[in-house]
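I have placed the structure first, in the form of structure tokens, so that the comments after it can refer back to it.
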Amino acid sequence: MRRDKLLEVLFTRALFTLFVIFLSFQILTGFKETKGETGSLTQSKTSEWTPGSPVITFYLKDYSLLPRVRVLVNNEVKGSFNNRYVTVEVRQGDSIHLDGTFYNSPVNIEVLNVTRGITHPRGGEIFRLNGNILSLGKVAGAGQ
């Protein structure tokens, strides 16, 4: 009986320690966002978009935030996953990339929603990053 209690206490402490380590990692990676230029990629001054303009909303499936996973439109950073959702304004023919080069672990990102009329990328598509930059191709059907 006494041994069971000891094992329960040790298990609880180990679980708590792992939780604190995980939470610390999430907080530390969230506050070390760098700004400026990265090669040919430039940091956008704003991630705002005009109401009524064609937009794509991305959803970070496996994590609550990964601020160094970025959404690029025409090689310009238009958003990063400071939370689970990123919405970017797009036009017909814009080139879309997902940049996950900072993280070595697999990251799954879903195209959660697109404005009516956008035919590529499609809502519901899931893309997997593994420490790379992934091209989603060019936006199709957005008009303009």
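Letters for chains follow the order of the structure tokens (A, B, ...), residue numbers begin at 1 for each chain, and ligand numbers begin at 1 in the order shown.
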**Message:** Would you pick out the contacts of stretch 130-144 of chain A at 7 Å or less, using only C-alpha atoms, so that residues sharing its chain but fewer than 3 positions from it are not included, and give the list as a list in words?
**Reply:**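 So the residues in contact are Pro54, Arg91, Gln92, Gly93, Asp94, Ser95, Ile96, His97, Leu98, Asp99, Gly100, Thr101, Phe102, Tyr103, Asn104, Ser105, Pro106, Val107, Gly117, Ile118, Thr119, His120 and Pro121 of chain A.
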Compile the contact shell of A:Gly79 as a compact mmCIF listing (two decimals) with C-alpha atoms, in the first residue's frame: residues with an atom at most 7 Å away, counting only C-alpha atoms, same-chain residues fewer than 4 positions apart removed.
```
# COMPACT_ATOMS: atom_id res chain seq x y z
CA SER A 47 -0.89 41.64 -41.28
CA ARG A 70 5.14 32.08 -41.36
CA VAL A 71 2.77 32.58 -44.27
CA VAL A 86 -3.59 33.38 -39.73
CA VAL A 88 -3.93 36.79 -45.33
```
**Request:** Enter the distance from atom CA of A:Thr57 to atom CA of A:Asn74, in Å, rounded to one decimal.
**Result:**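 Interatomic distance here is 16.4 Å.
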**Prompt:** Can you tell me, as a ChimeraX atom specification, what residues are no more than 10 Å from stretch 62-64 of chain A when counting only C-alpha atoms, ignoring any on the same chain fewer than 5 positions away?
**Reply:** /A:26,81-85,106-109
What does the file look like for those residues with N, CA and C atoms, as a PDB file, in the first residue's frame?
```pdb
ATOM      1  N   GLN A  26       6.928  26.664 -24.945  1.00  0.00           N
ATOM      2  CA  GLN A  26       5.936  27.412 -25.716  1.00  0.00           C
ATOM      3  C   GLN A  26       6.069  28.912 -25.468  1.00  0.00           C
ATOM      4  N   PHE A  81       2.146  32.402 -36.943  1.00  0.00           N
ATOM      5  CA  PHE A  81       1.210  31.722 -36.062  1.00  0.00           C
ATOM      6  C   PHE A  81       1.457  32.084 -34.603  1.00  0.00           C
ATOM      7  N   ASN A  82       1.165  33.345 -34.261  1.00  0.00           N
ATOM      8  CA  ASN A  82       1.206  33.770 -32.866  1.00  0.00           C
ATOM      9  C   ASN A  82       0.014  33.202 -32.111  1.00  0.00           C
ATOM     10  N   ASN A  83      -0.948  32.692 -32.844  1.00  0.00           N
ATOM     11  CA  ASN A  83      -2.028  31.867 -32.310  1.00  0.00           C
ATOM     12  C   ASN A  83      -2.339  30.838 -33.389  1.00  0.00           C
ATOM     13  N   ARG A  84      -3.435  30.151 -33.300  1.00  0.00           N
ATOM     14  CA  ARG A  84      -3.698  29.046 -34.227  1.00  0.00           C
ATOM     15  C   ARG A  84      -4.169  29.476 -35.603  1.00  0.00           C
ATOM     16  N   TYR A  85      -4.536  30.738 -35.776  1.00  0.00           N
ATOM     17  CA  TYR A  85      -5.136  31.190 -37.030  1.00  0.00           C
ATOM     18  C   TYR A  85      -4.337  32.328 -37.654  1.00  0.00           C
ATOM     19  N   PRO A 106       7.521  17.948 -37.360  1.00  0.00           N
ATOM     20  CA  PRO A 106       6.453  18.111 -38.356  1.00  0.00           C
ATOM     21  C   PRO A 106       5.363  19.059 -37.855  1.00  0.00           C
ATOM     22  N   VAL A 107       4.859  19.876 -38.760  1.00  0.00           N
ATOM     23  CA  VAL A 107       3.799  20.837 -38.457  1.00  0.00           C
ATOM     24  C   VAL A 107       2.733  20.695 -39.535  1.00  0.00           C
ATOM     25  N   ASN A 108       1.495  20.511 -39.124  1.00  0.00           N
ATOM     26  CA  ASN A 108       0.379  20.399 -40.067  1.00  0.00           C
ATOM     27  C   ASN A 108      -0.432  21.687 -40.048  1.00  0.00           C
ATOM     28  N   ILE A 109      -0.664  22.231 -41.237  1.00  0.00           N
ATOM     29  CA  ILE A 109      -1.426  23.466 -41.379  1.00  0.00           C
ATOM     30  C   ILE A 109      -2.563  23.212 -42.357  1.00  0.00           C
TER      31      ILE A 109
END
```
